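First the structure, in the form of structure tokens, and then the observations on it.
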Amino acid sequence: MKRYFTGLFEYNLWANQRLLGAIRQQQIKDDAIFNLMSHIMSAQFIWLHRVEGLPTSSYPPWEVYDLNEIESMANESNARWIEYLNNYKLETLEEVIHYQNSVNKDFENRFVDILNHVINHSTHHRAQVSLMLRQLDIAPPQTDYIVFKRL
């Protein structure tokens with residue numbers, strides 16, 4: 001099960017890098033696109049801090065970063081997620097994680113559900129960014145999971 005999720009985080013990084021590469025290549029300056037890409041990366045750090053039991057992430061959920069920062073955040077957050085998973089002691093990922101959301105409300109969820117959320121959250125917002133690129137008459141790169149698996 002750990003290998004499955006490390007594979008999803010490898011996919012997640014690949015998909016983020018493809019989308020960020022297209023944004024760089026096309027010299028996109030759209031604020032809404034940068035807002036969503038920043039949010040994806042911030043959320044990955046926020047959830048990582050929650051599962052690690054660390055204080056709130058230094059990346060606010062809706063802070064906007066420049067392209068270099070977003071690329072760096074993508075690489076770092078995915079590397080840290082994969083490292084955390086590789087060192088995780090339980091094979092089932094069923095541990096209940098207790099955390100506080102952004103308004104300090106207490107919650108608890110199984111680790112496996114948080115992992116699914118982080119990946120799905122990123123995919124959701126990448127799809128929004130892809131739609132925004134299409135609205136700018138720019139064909140977004142393919143970021144489908146099956147395309148990644150065919151490599």
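Order determines the names: the first chain of the structure tokens is A, the second B, and so forth; residues in each chain are numbered 1 upward, and ligands are numbered 1 upward as they are shown.
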When you look at Ser102 (chain A) with a cut-off of 9 Å (counting only C-alpha atoms), what residues show up, excluding the ones that are within fewer than 5 positions of it in the same chain? I need them as JSON, numbers by chain. {"A": [56, 60, 61]}
With C-alpha atoms retained, write the just-selected residues as a compact mmCIF listing (two decimals), in the first residue's frame.
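Heads up, here's the output in again_3.txt:
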```txt
# COMPACT_ATOMS: atom_id res chain seq x y z
CA THR A 56 1.06 24.95 10.95
CA PRO A 60 -0.74 29.85 3.86
CA PRO A 61 -3.39 28.09 1.75
```
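In this model, the gap between CA of Thr143 (chain A) and CA of Ile82 (chain A) comes to 19.6 Å.
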Quick check, in Å to one decimal: how far apart do CA of Glu52 (chain A) and CA of Gln128 (chain A) lie?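 Taking CA of Glu52 (chain A) as the start and CA of Gln128 (chain A) as the end point, the length is 28.8 Å.
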Give the strand (DSSP E or B) residues of region 6-103 of chain A, as assigned by DSSP on the backbone, as a PyMOL selection string. chain A and resi 96-100
Which residue, A:Ala22, A:Glu91, A:Ile70, A:Gln100, has the smallest gap to Ile46 (chain A) when you use only C-alpha atoms? A:Gln100
Calculate how many Å separate CA of Arg50 (chain A) from CA of Ile97 (chain A), rounding to one decimal. 7.9 Å
Give me, as a count of residues only, all polymer residues having an atom no more than 12 Å from Asn78 (chain A), counting only C-alpha atoms and skipping those fewer than 2 positions away in the same chain. 37
Can you work out which one of A:Leu19, A:Leu90, A:Leu36, A:Leu67 has the shortest atom-to-atom distance to Ile138 (chain A), counting only C-alpha atoms?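 Under the stated criterion, the closest residue is A:Leu19.
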Measuring atom to atom with only C-alpha atoms, identify which of A:Asn87, A:Tyr4, A:Arg126, A:Arg110 is nearest to Ser38 (chain A).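 Nearest to Ser38 (chain A): A:Arg126.
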Extract the full set of helix (DSSP H, G or I) residues from region 72-115 of chain A according to DSSP on the backbone, and format it as a list in words. Ser72, Met73, Ala74, Asn75, Glu76, Ser77, Asn78, Ala79, Arg80, Trp81, Ile82, Glu83, Tyr84, Leu85, Asn86, Asn87, Phe111, Val112, Asp113, Ile114 and Leu115 of chain A
Residues within 12 Å of Glu95 (chain A), only C-alpha atoms, excluding chain neighbours under 2 positions, as a PyMOL selection string: chain A and resi 51+88-93+97-98+108-115
Suppose we keep C-alpha atoms; can you now write the selection as a short mmCIF file (atom, residue, chain, number, x, y, z; two decimals), in the first residue's frame?
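Result file result.cif:
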```cif
data_model
loop_
_atom_site.label_atom_id
_atom_site.label_comp_id
_atom_site.auth_asym_id
_atom_site.auth_seq_id
_atom_site.Cartn_x
_atom_site.Cartn_y
_atom_site.Cartn_z
CA VAL A 51 0.28 14.14 9.42
CA TYR A 88 6.21 5.21 7.71
CA LYS A 89 6.16 2.25 10.09
CA LEU A 90 2.67 0.85 9.48
CA GLU A 91 1.95 -0.96 6.24
CA THR A 92 -1.83 -0.49 6.28
CA LEU A 93 -1.89 3.33 6.50
CA ILE A 97 -4.43 11.32 12.33
CA HIS A 98 -5.65 14.05 14.68
CA GLU A 108 -9.42 13.17 12.69
CA ASN A 109 -9.12 11.04 9.58
CA ARG A 110 -7.36 7.86 8.58
CA PHE A 111 -3.95 8.45 7.04
CA VAL A 112 -5.02 6.61 3.87
CA ASP A 113 -7.94 9.02 3.44
CA ILE A 114 -5.66 12.03 3.85
CA LEU A 115 -3.31 10.62 1.22
#
```
